[in-house]
$ cat structure.cif   # mmCIF, C-alpha atoms
data_final
#
loop_
_atom_site.label_atom_id
_atom_site.label_comp_id
_atom_site.auth_asym_id
_atom_site.auth_seq_id
_atom_site.Cartn_x
_atom_site.Cartn_y
_atom_site.Cartn_z
CA MET V 1 0.00 0.00 0.00
CA THR V 2 1.23 3.50 -0.79
CA SER V 3 1.69 5.43 2.45
CA PRO V 4 0.77 9.10 2.32
CA ASP V 5 2.83 11.71 4.17
CA PRO V 6 2.30 11.28 7.94
CA ALA V 7 1.15 14.91 8.03
CA PHE V 8 -1.84 13.79 5.93
CA TYR V 9 -3.37 12.13 9.00
CA HIS V 10 -5.13 14.18 11.68
CA PRO V 11 -7.62 13.61 14.50
CA ALA V 12 -11.18 13.58 13.19
CA PRO V 13 -12.92 16.78 14.30
CA ARG V 14 -16.02 16.70 16.52
CA ALA V 15 -18.28 17.81 13.64
CA GLN V 16 -19.37 14.73 11.69
CA GLN V 17 -21.20 14.39 8.36
CA PHE V 18 -21.56 10.65 7.70
CA CYS V 19 -22.73 7.63 9.72
CA SER V 20 -19.84 5.47 10.94
CA GLN V 21 -22.13 2.40 10.75
CA CYS V 22 -23.67 2.62 7.29
CA GLY V 23 -22.01 5.60 5.57
CA HIS V 24 -25.22 7.58 4.97
CA ALA V 25 -25.43 11.35 5.59
CA LEU V 26 -26.25 12.31 9.20
CA SER V 27 -28.97 14.67 10.46
CA ARG V 28 -28.55 17.02 13.39
CA GLU V 29 -31.72 16.80 15.47
CA ILE V 30 -33.10 15.74 18.84
CA PRO V 31 -33.69 11.96 18.87
CA PRO V 32 -36.91 10.51 20.34
CA ASP V 33 -36.71 10.34 24.18
CA ASP V 34 -33.74 12.73 24.24
CA ASN V 35 -33.47 16.44 25.03
CA ARG V 36 -30.54 17.72 22.98
CA ILE V 37 -29.38 17.82 19.38
CA ARG V 38 -27.35 14.77 18.26
CA ASP V 39 -25.93 13.48 15.01
CA LEU V 40 -28.32 10.72 14.03
CA CYS V 41 -28.76 8.44 11.04
CA HIS V 42 -32.26 8.05 9.57
CA HIS V 43 -31.02 5.13 7.48
CA CYS V 44 -29.77 2.72 10.16
CA GLY V 45 -30.94 4.44 13.38
CA ALA V 46 -27.47 4.98 14.90
CA VAL V 47 -27.22 8.00 17.23
CA HIS V 48 -23.67 9.35 17.40
CA TYR V 49 -23.27 10.67 20.94
CA GLN V 50 -20.15 12.64 21.79
CA ASN V 51 -18.65 13.03 25.24
CA PRO V 52 -15.75 14.80 26.99
CA ARG V 53 -12.37 13.09 27.09
CA ASN V 54 -10.06 12.42 30.03
CA VAL V 55 -6.44 13.51 30.09
CA VAL V 56 -4.42 11.45 32.59
CA GLY V 57 -0.96 12.22 33.91
CA VAL V 58 1.52 12.07 36.77
CA VAL V 59 3.50 14.33 39.10
CA PRO V 60 6.77 12.33 39.16
CA ILE V 61 8.80 13.09 42.28
CA LEU V 62 12.41 12.06 42.94
CA GLY V 63 13.42 13.35 46.37
CA ASP V 64 13.28 17.15 46.21
CA ARG V 65 12.83 17.28 42.44
CA VAL V 66 9.97 16.98 39.99
CA LEU V 67 10.27 15.48 36.51
CA LEU V 68 9.01 17.66 33.66
CA CYS V 69 8.93 17.14 29.89
CA ARG V 70 9.39 19.78 27.20
CA ARG V 71 6.72 19.37 24.52
CA ALA V 72 7.76 18.39 21.00
CA ILE V 73 4.17 18.78 19.72
CA GLU V 74 1.51 21.44 19.44
CA PRO V 75 -0.21 22.95 21.29
CA ARG V 76 2.40 24.69 23.46
CA TYR V 77 5.40 23.33 21.57
CA GLY V 78 8.61 23.89 23.58
CA LYS V 79 6.83 24.48 26.91
CA TRP V 80 7.31 22.28 29.98
CA THR V 81 4.60 19.92 31.12
CA LEU V 82 3.87 17.00 33.39
CA PRO V 83 3.74 13.66 31.53
CA ALA V 84 0.07 13.31 30.47
CA GLY V 85 -2.18 12.46 27.56
CA PHE V 86 -5.55 11.12 26.49
CA MET V 87 -6.91 8.10 28.36
CA GLU V 88 -7.31 5.09 26.05
CA LEU V 89 -9.97 2.37 25.88
CA GLY V 90 -9.41 -0.63 28.15
CA GLU V 91 -7.32 1.09 30.79
CA THR V 92 -7.92 2.76 34.14
CA THR V 93 -7.01 6.41 34.71
CA GLU V 94 -4.05 5.16 36.73
CA GLN V 95 -2.86 2.78 34.00
CA GLY V 96 -3.25 5.58 31.46
CA ALA V 97 -1.18 7.95 33.58
CA GLU V 98 1.54 5.33 33.95
CA ARG V 99 1.52 4.66 30.17
CA GLU V 100 1.75 8.37 29.33
CA ASN V 101 4.71 8.74 31.67
CA GLN V 102 6.40 5.77 30.02
CA GLU V 103 5.82 7.21 26.55
CA GLU V 104 6.87 10.78 27.33
CA SER V 105 9.64 10.52 29.95
CA GLY V 106 10.63 6.84 30.10
CA ALA V 107 11.19 7.16 33.86
CA ARG V 108 10.44 4.16 36.06
CA ILE V 109 7.73 5.23 38.49
CA GLU V 110 5.38 3.93 41.15
CA ILE V 111 1.96 5.60 41.20
CA GLN V 112 0.78 6.87 44.58
CA SER V 113 -2.51 8.74 45.12
CA LEU V 114 -4.87 10.75 42.91
CA LEU V 115 -3.86 14.39 43.40
CA THR V 116 -6.08 16.50 41.13
CA VAL V 117 -9.32 16.14 39.18
CA ILE V 118 -9.75 19.21 36.98
CA ASP V 119 -12.72 20.06 34.80
CA VAL V 120 -11.80 21.97 31.64
CA PRO V 121 -15.21 22.36 29.97
CA LEU V 122 -14.10 24.82 27.27
CA VAL V 123 -12.12 22.02 25.63
CA ASN V 124 -14.46 19.20 26.75
CA GLN V 125 -11.84 17.55 28.94
CA VAL V 126 -11.32 16.32 32.48
CA HIS V 127 -7.68 16.11 33.65
CA LEU V 128 -6.62 13.66 36.36
CA TYR V 129 -3.09 13.77 37.86
CA TYR V 130 -1.52 11.12 40.08
CA LEU V 131 1.36 11.56 42.49
CA ALA V 132 4.18 9.17 41.57
CA ASP V 133 7.53 8.22 43.05
CA VAL V 134 10.36 8.09 40.52
CA LEU V 135 12.40 4.93 41.15
CA GLY V 136 15.64 6.04 39.48
CA PRO V 137 17.21 8.90 37.54
CA ASP V 138 17.25 7.21 34.10
CA LEU V 139 15.09 8.89 31.45
CA ALA V 140 14.15 7.87 27.91
CA PRO V 141 11.94 10.59 26.43
CA GLY V 142 9.76 9.60 23.47
CA PRO V 143 8.99 11.43 20.21
CA GLU V 144 6.45 13.81 21.79
CA THR V 145 9.14 15.16 24.17
CA LEU V 146 12.08 17.44 23.24
CA GLU V 147 13.77 16.74 26.58
CA ALA V 148 12.91 15.45 30.04
CA ALA V 149 14.56 16.86 33.15
CA PHE V 150 14.35 16.98 36.93
CA PHE V 151 13.71 20.42 38.48
CA ALA V 152 14.33 21.35 42.10
CA LEU V 153 10.99 22.26 43.66
CA ASP V 154 12.12 25.88 44.08
CA GLU V 155 13.28 26.04 40.45
CA ILE V 156 10.10 25.02 38.64
CA PRO V 157 9.93 27.08 35.40
CA TRP V 158 6.52 28.58 36.23
CA ASN V 159 6.51 30.98 33.28
CA GLU V 160 7.38 28.21 30.84
CA LEU V 161 4.71 25.69 31.84
CA ALA V 162 2.40 24.49 29.08
CA PHE V 163 -1.03 24.43 30.74
CA ARG V 164 -2.92 25.77 33.75
CA THR V 165 -3.86 22.21 34.70
CA VAL V 166 -0.10 21.60 35.07
CA SER V 167 0.70 24.76 37.05
CA THR V 168 -2.26 24.38 39.42
CA THR V 169 -1.48 20.69 39.98
CA LEU V 170 2.12 21.60 40.88
CA GLU V 171 0.87 24.35 43.21
CA HIS V 172 -1.35 21.83 45.00
CA TYR V 173 1.56 19.42 45.28
CA LEU V 174 3.81 22.04 46.89
CA GLN V 175 1.11 23.12 49.35
CA ASP V 176 0.29 19.51 50.25
CA ARG V 177 3.97 18.66 50.69
CA ALA V 178 4.45 21.61 53.05
CA ARG V 179 1.46 20.37 55.06
CA GLY V 180 2.39 16.68 54.85
CA ASP V 181 -1.02 15.56 53.59
CA PHE V 182 -2.03 14.71 50.00
CA PRO V 183 -5.81 14.64 49.56
CA THR V 184 -7.49 14.63 46.13
CA HIS V 185 -8.29 18.16 44.92
CA HIS V 186 -11.17 18.88 42.57
CA TYR V 187 -11.74 22.15 40.71
CA ALA V 188 -12.63 23.62 37.34
CA ILE V 189 -10.58 25.77 34.99
CA ASN V 190 -12.76 27.89 32.77
CA LEU V 191 -10.19 29.75 30.70
CA ARG V 192 -7.45 28.68 28.39
CA PHE V 193 -3.84 29.29 29.40
CA PRO V 194 -2.65 32.01 29.67
CA ASP V 195 -5.58 33.98 31.06
CA MET F 196 -40.44 14.12 7.69
CA THR F 197 -41.70 10.61 8.46
CA SER F 198 -40.61 9.64 11.96
CA PRO F 199 -39.62 6.00 12.42
CA ASP F 200 -40.48 4.13 15.61
CA PRO F 201 -38.36 5.53 18.51
CA ALA F 202 -37.05 1.99 19.05
CA PHE F 203 -35.38 2.30 15.61
CA TYR F 204 -32.78 4.64 17.13
CA HIS F 205 -29.89 3.29 19.19
CA PRO F 206 -26.44 4.44 20.35
CA ALA F 207 -23.83 3.89 17.63
CA PRO F 208 -21.58 0.98 18.69
CA ARG F 209 -17.84 1.46 19.19
CA ALA F 210 -17.02 -0.51 16.04
CA GLN F 211 -17.11 1.83 13.03
CA GLN F 212 -16.98 1.14 9.29
CA PHE F 213 -17.18 4.52 7.56
CA CYS F 214 -15.44 7.88 7.94
CA SER F 215 -17.62 10.50 9.68
CA GLN F 216 -15.86 13.23 7.67
CA CYS F 217 -15.99 11.98 4.06
CA GLY F 218 -18.06 8.75 4.16
CA HIS F 219 -15.31 6.48 2.76
CA ALA F 220 -14.60 3.03 4.21
CA LEU F 221 -12.22 3.03 7.20
CA SER F 222 -9.07 0.93 7.70
CA ARG F 223 -8.00 -0.52 11.04
CA GLU F 224 -4.26 0.06 11.36
CA ILE F 225 -1.61 1.91 13.33
CA PRO F 226 -1.31 5.51 12.07
CA PRO F 227 2.13 7.10 11.51
CA ASP F 228 3.63 8.32 14.83
CA ASP F 229 1.16 6.23 16.84
CA ASN F 230 1.50 2.90 18.65
CA ARG F 231 -1.93 1.29 18.54
CA ILE F 232 -4.56 0.30 15.99
CA ARG F 233 -7.07 3.05 15.12
CA ASP F 234 -9.86 3.49 12.61
CA LEU F 235 -8.32 5.73 9.97
CA CYS F 236 -9.41 7.08 6.60
CA HIS F 237 -6.95 6.83 3.70
CA HIS F 238 -9.18 9.14 1.66
CA CYS F 239 -9.26 12.27 3.87
CA GLY F 240 -6.67 11.41 6.56
CA ALA F 241 -9.07 11.53 9.55
CA VAL F 242 -8.08 9.28 12.47
CA HIS F 243 -11.09 8.25 14.55
CA TYR F 244 -9.79 7.98 18.11
CA GLN F 245 -12.07 6.51 20.74
CA ASN F 246 -11.87 7.18 24.47
CA PRO F 247 -13.56 6.14 27.73
CA ARG F 248 -16.67 8.03 28.87
CA ASN F 249 -17.45 9.63 32.20
CA VAL F 250 -20.59 8.85 34.18
CA VAL F 251 -21.43 11.63 36.65
CA GLY F 252 -23.88 11.48 39.53
CA VAL F 253 -24.83 12.56 43.03
CA VAL F 254 -25.41 11.15 46.51
CA PRO F 255 -28.44 13.30 47.48
CA ILE F 256 -28.82 13.56 51.24
CA LEU F 257 -31.82 14.96 53.15
CA GLY F 258 -31.09 14.74 56.86
CA ASP F 259 -30.79 11.04 57.69
CA ARG F 260 -32.06 9.86 54.32
CA VAL F 261 -30.61 9.28 50.87
CA LEU F 262 -32.53 9.78 47.63
CA LEU F 263 -32.53 6.82 45.24
CA CYS F 264 -34.17 6.31 41.84
CA ARG F 265 -35.61 3.06 40.47
CA ARG F 266 -34.44 2.54 36.90
CA ALA F 267 -37.01 2.59 34.07
CA ILE F 268 -34.35 1.64 31.50
CA GLU F 269 -31.91 -1.16 30.81
CA PRO F 270 -29.45 -2.22 32.02
CA ARG F 271 -30.71 -3.14 35.52
CA TYR F 272 -34.33 -2.15 34.86
CA GLY F 273 -36.26 -1.93 38.16
CA LYS F 274 -33.15 -1.69 40.36
CA TRP F 275 -32.34 1.28 42.61
CA THR F 276 -29.58 3.68 41.72
CA LEU F 277 -28.12 7.06 42.54
CA PRO F 278 -29.03 9.76 39.98
CA ALA F 279 -26.26 9.55 37.35
CA GLY F 280 -25.59 9.42 33.63
CA PHE F 281 -23.15 10.21 30.85
CA MET F 282 -21.30 13.53 31.02
CA GLU F 283 -22.17 15.77 28.05
CA LEU F 284 -20.04 18.15 25.98
CA GLY F 285 -19.72 21.68 27.35
CA GLU F 286 -20.30 20.89 31.00
CA THR F 287 -18.17 20.16 34.05
CA THR F 288 -18.49 16.87 35.94
CA GLU F 289 -20.32 18.81 38.63
CA GLN F 290 -22.75 20.43 36.18
CA GLY F 291 -23.35 17.03 34.61
CA ALA F 292 -24.09 15.46 37.98
CA GLU F 293 -26.54 18.26 38.78
CA ARG F 294 -28.24 17.87 35.38
CA GLU F 295 -28.59 14.10 35.76
CA ASN F 296 -30.16 14.56 39.18
CA GLN F 297 -32.60 17.09 37.73
CA GLU F 298 -33.54 14.73 34.90
CA GLU F 299 -33.90 11.59 37.00
CA SER F 300 -35.21 12.71 40.40
CA GLY F 301 -36.28 16.34 39.98
CA ALA F 302 -35.09 17.10 43.52
CA ARG F 303 -33.64 20.53 44.24
CA ILE F 304 -30.07 19.98 45.39
CA GLU F 305 -26.88 21.80 46.27
CA ILE F 306 -23.68 20.01 45.24
CA GLN F 307 -21.03 19.63 47.93
CA SER F 308 -17.73 17.78 47.43
CA LEU F 309 -16.48 15.09 45.06
CA LEU F 310 -16.94 11.79 46.93
CA THR F 311 -15.82 9.00 44.57
CA VAL F 312 -13.81 8.61 41.35
CA ILE F 313 -14.21 5.02 40.13
CA ASP F 314 -12.47 3.41 37.18
CA VAL F 315 -14.57 0.78 35.41
CA PRO F 316 -12.24 -0.27 32.59
CA LEU F 317 -14.28 -3.29 31.44
CA VAL F 318 -16.96 -0.92 30.16
CA ASN F 319 -14.54 1.94 29.30
CA GLN F 320 -16.02 4.28 31.89
CA VAL F 321 -15.00 6.48 34.81
CA HIS F 322 -17.73 7.22 37.36
CA LEU F 323 -17.64 10.40 39.49
CA TYR F 324 -20.11 10.92 42.36
CA TYR F 325 -20.70 14.17 44.25
CA LEU F 326 -22.17 14.60 47.69
CA ALA F 327 -25.26 16.82 47.52
CA ASP F 328 -27.66 18.35 50.01
CA VAL F 329 -31.31 17.97 49.09
CA LEU F 330 -33.07 21.31 49.66
CA GLY F 331 -36.62 19.99 50.01
CA PRO F 332 -38.70 16.82 49.81
CA ASP F 333 -40.39 17.51 46.44
CA LEU F 334 -39.52 15.04 43.67
CA ALA F 335 -40.32 15.00 39.96
CA PRO F 336 -38.83 11.85 38.44
CA GLY F 337 -38.27 11.84 34.68
CA PRO F 338 -38.91 9.15 32.05
CA GLU F 339 -35.77 7.12 32.93
CA THR F 340 -37.04 6.66 36.51
CA LEU F 341 -39.92 4.41 37.65
CA GLU F 342 -39.99 6.09 41.06
CA ALA F 343 -37.75 8.22 43.28
CA ALA F 344 -37.76 7.81 47.06
CA PHE F 345 -35.89 8.73 50.23
CA PHE F 346 -34.40 5.82 52.19
CA ALA F 347 -33.28 5.95 55.82
CA LEU F 348 -29.54 5.28 55.91
CA ASP F 349 -30.13 1.99 57.75
CA GLU F 350 -32.77 0.91 55.22
CA ILE F 351 -30.81 1.18 51.97
CA PRO F 352 -31.95 -1.69 49.70
CA TRP F 353 -28.45 -3.11 49.30
CA ASN F 354 -29.60 -6.21 47.44
CA GLU F 355 -31.64 -4.18 44.98
CA LEU F 356 -28.98 -1.66 43.95
CA ALA F 357 -28.22 -1.40 40.24
CA PHE F 358 -24.41 -1.12 40.12
CA ARG F 359 -21.31 -1.70 42.23
CA THR F 360 -20.28 1.92 41.64
CA VAL F 361 -23.51 2.85 43.46
CA SER F 362 -23.13 0.40 46.37
CA THR F 363 -19.46 1.22 46.96
CA THR F 364 -20.15 4.97 46.79
CA LEU F 365 -22.91 4.58 49.38
CA GLU F 366 -20.57 2.50 51.58
CA HIS F 367 -17.96 5.26 51.44
CA TYR F 368 -20.59 7.85 52.31
CA LEU F 369 -21.72 5.92 55.40
CA GLN F 370 -18.12 5.36 56.58
CA ASP F 371 -17.25 9.02 56.01
CA ARG F 372 -20.38 10.20 57.79
CA ALA F 373 -19.57 8.05 60.81
CA ARG F 374 -16.10 9.59 60.87
CA GLY F 375 -17.26 13.15 60.08
CA ASP F 376 -14.84 13.64 57.19
CA PHE F 377 -15.61 13.40 53.45
CA PRO F 378 -12.43 13.10 51.37
CA THR F 379 -12.44 12.07 47.70
CA HIS F 380 -12.05 8.29 47.27
CA HIS F 381 -10.48 6.77 44.19
CA TYR F 382 -10.58 3.10 43.24
CA ALA F 383 -11.19 0.70 40.37
CA ILE F 384 -13.92 -1.88 39.86
CA ASN F 385 -12.83 -4.65 37.56
CA LEU F 386 -15.92 -6.83 37.43
CA ARG F 387 -19.48 -6.25 36.40
CA PHE F 388 -22.23 -6.31 39.06
CA PRO F 389 -22.97 -8.77 40.59
CA ASP F 390 -19.61 -10.44 40.97
#
$ encode --input "structure.cif" --output "structure tokens"
Amino acid sequence: MTSPDPAFYHPAPRAQQFCSQCGHALSREIPPDDNRIRDLCHHCGAVHYQNPRNVVGVVPILGDRVLLCRRAIEPRYGKWTLPAGFMELGETTEQGAERENQEESGARIEIQSLLTVIDVPLVNQVHLYYLADVLGPDLAPGPETLEAAFFALDEIPWNELAFRTVSTTLEHYLQDRARGDFPTHHYAINLRFPD
Amino acid sequence: MTSPDPAFYHPAPRAQQFCSQCGHALSREIPPDDNRIRDLCHHCGAVHYQNPRNVVGVVPILGDRVLLCRRAIEPRYGKWTLPAGFMELGETTEQGAERENQEESGARIEIQSLLTVIDVPLVNQVHLYYLADVLGPDLAPGPETLEAAFFALDEIPWNELAFRTVSTTLEHYLQDRARGDFPTHHYAINLRFPD
């Protein structure tokens, strides 16, 4: 098979025109027994619901340092982030967070507790970050990461962080560490970074 | 337009055959720069990622009683549940939980804290339950609910509950109430109810 340029491929947008089941054109209307507009197929009856996605990640701690990754992809190319990405089918949030860390930093970690649950409704996402112990200094960043590095907790590059979910999660970690207690924090972020 | 029988319509299954963007047949293969099989379109380049869904709900408390709803839909028709359902686009988990309560019980509530975050990987879901104060005894159950009723905390119909996410959330509530502290609990459920 002839392979097109990788740049040819892209995530399918939310707006959809054709039924994934039978290929017929979709209608946008309220289905029977529902109360909001959906993409539905009058040919085969399939209703194409859409839902928010979860982003799962870790706060990887090695002693007095936190592991951050510099993004090799848009959005926020070149900015520092916690290892995180979209949750996949068939995994738990914790397994997804561990997988994303493996893909982006390559550090060996042990997941601890759930630190933050953050609603980001403007982009239809929920972000979940786990505390994790880093088991050794070896790193093996993947293709989505320009570099991975440990930062002393008083040298976090606050002005070069990629997302508000990352900066607020780190703030909660520092406050919890000072207090010696790590409960799960839940909040919503209603604006894109920076705001 | 001629309206088919409401039973004609059904949620589109996860398996998909045609591209939602251009209507061409999809291929199942690993896209460039990816590491797992996706549904992708060689015609327009759209990659059709799929992700777990969030179910959001409430534990509605009025004094020493909890509000439960008896399901008028499958699965678990006729069993008792906490008001909950799929999170929709454009809302936070908290707004979704409030909406589901409104649709299923009609009770006026005030959301308090996030009580449980439960991974259910076998059905590709994450369930999130909020504690909520019920502001008055009036109920107005919707079409997905056979009846809504308040149960004394020592008269919860444990053997008639619909899902393990519901029973374990109620167990956490009772333990937290006895202790006077309501942190967020996170855990995974790996088997379908009953197990």
$ closest_atom_pairs --input "structure.cif" --of "chain V" --to "chain F" --cutoff "6 Å" --atoms "all atoms listed in the file" --output "tab-separated table"
residue	atom	partner	partner_atom	distance
V:Pro6	CA	F:Pro227	CA	5.5
V:Phe8	CA	F:Gly240	CA	5.4
V:Tyr9	CA	F:Gly240	CA	4.2
V:His10	CA	F:Ala241	CA	5.2
V:Pro11	CA	F:Val242	CA	4.8
V:Ala12	CA	F:Ala241	CA	4.7
V:Gln16	CA	F:Ser215	CA	5.0
V:Gln17	CA	F:Ser215	CA	5.4
V:Phe18	CA	F:Ser215	CA	4.4
V:Cys19	CA	F:Ser215	CA	5.9
V:Ser20	CA	F:Phe213	CA	4.4
V:Gln21	CA	F:Gln212	CA	5.5
V:Gly23	CA	F:Gly218	CA	5.2
V:Pro32	CA	F:Pro201	CA	5.5
V:Gly45	CA	F:Tyr204	CA	4.2
V:Ala46	CA	F:Ala207	CA	4.7
V:Val47	CA	F:Pro206	CA	4.8
V:His48	CA	F:Ala207	CA	5.5
V:Asn51	CA	F:Glu283	CA	5.3
V:Pro52	CA	F:Leu284	CA	5.5
V:Glu88	CA	F:Asn246	CA	5.3
V:Leu89	CA	F:Asn246	CA	5.4
V:Gly90	CA	F:Pro316	CA	5.3
V:Glu91	CA	F:Pro316	CA	5.4
V:Thr92	CA	F:Pro316	CA	5.5
V:Asp119	CA	F:Thr287	CA	5.5
V:Pro121	CA	F:Gly285	CA	5.3
V:Asn124	CA	F:Leu284	CA	5.7
V:Thr184	CA	F:Thr379	CA	5.8
$ closest_residue --input "structure.cif" --among "V:His172, V:His127, V:Arg108, V:Arg28" --to "Leu62 of chain V" --atoms "only C-alpha atoms"
V:Arg108
$ residues_around --input "structure.cif" --residues "Ile351 of chain F" --least-positions-apart "2" --cutoff "10 Å" --atoms "only C-alpha atoms" --output "list in words"
Arg260, Val261, Leu262, Leu263, Trp275, Phe345, Phe346, Ala347, Leu348, Asp349, Trp353, Asn354, Glu355, Leu356, Ser362 and Leu365 of chain F
$ residues_around --input "structure.cif" --residues "Glu29 of chain V" --least-positions-apart "4" --cutoff "7 Å" --atoms "all atoms listed in the file" --output "list in words"
Ile37, Arg38 and Asp39 of chain V
$ atom_distance --input "structure.cif" --atom1 "atom CA of Val59 of chain V" --atom2 "atom CA of Pro75 of chain V"
20.1 Å
$ residues_around --input "structure.cif" --residues "Ile61 of chain V" --least-positions-apart "6" --cutoff "8 Å" --atoms "all atoms listed in the file" --output "ChimeraX atom specification"
/V:67,131-134
$ resolve_selection --input "structure.cif" --expression "the PyMOL selection byres ((chain F and resi 251) around 6)" --output "VMD selection string"
chain F and resid 250 252 279 to 280 282 292 322 to 324
$ resolve_selection --input "structure.cif" --expression "the PyMOL selection byres ((chain V and resi 81) around 7)" --output "list in words"
Leu68, Cys69, Arg70, Arg71, Lys79, Trp80, Leu82, Pro83, Leu161, Ala162 and Val166 of chain V
$ atom_distance --input "structure.cif" --atom1 "atom CA of Ala344 of chain F" --atom2 "atom CA of Ala302 of chain F"
10.3 Å
$ atom_distance --input "structure.cif" --atom1 "atom CA of Thr360 of chain F" --atom2 "atom CA of Thr311 of chain F"
8.9 Å
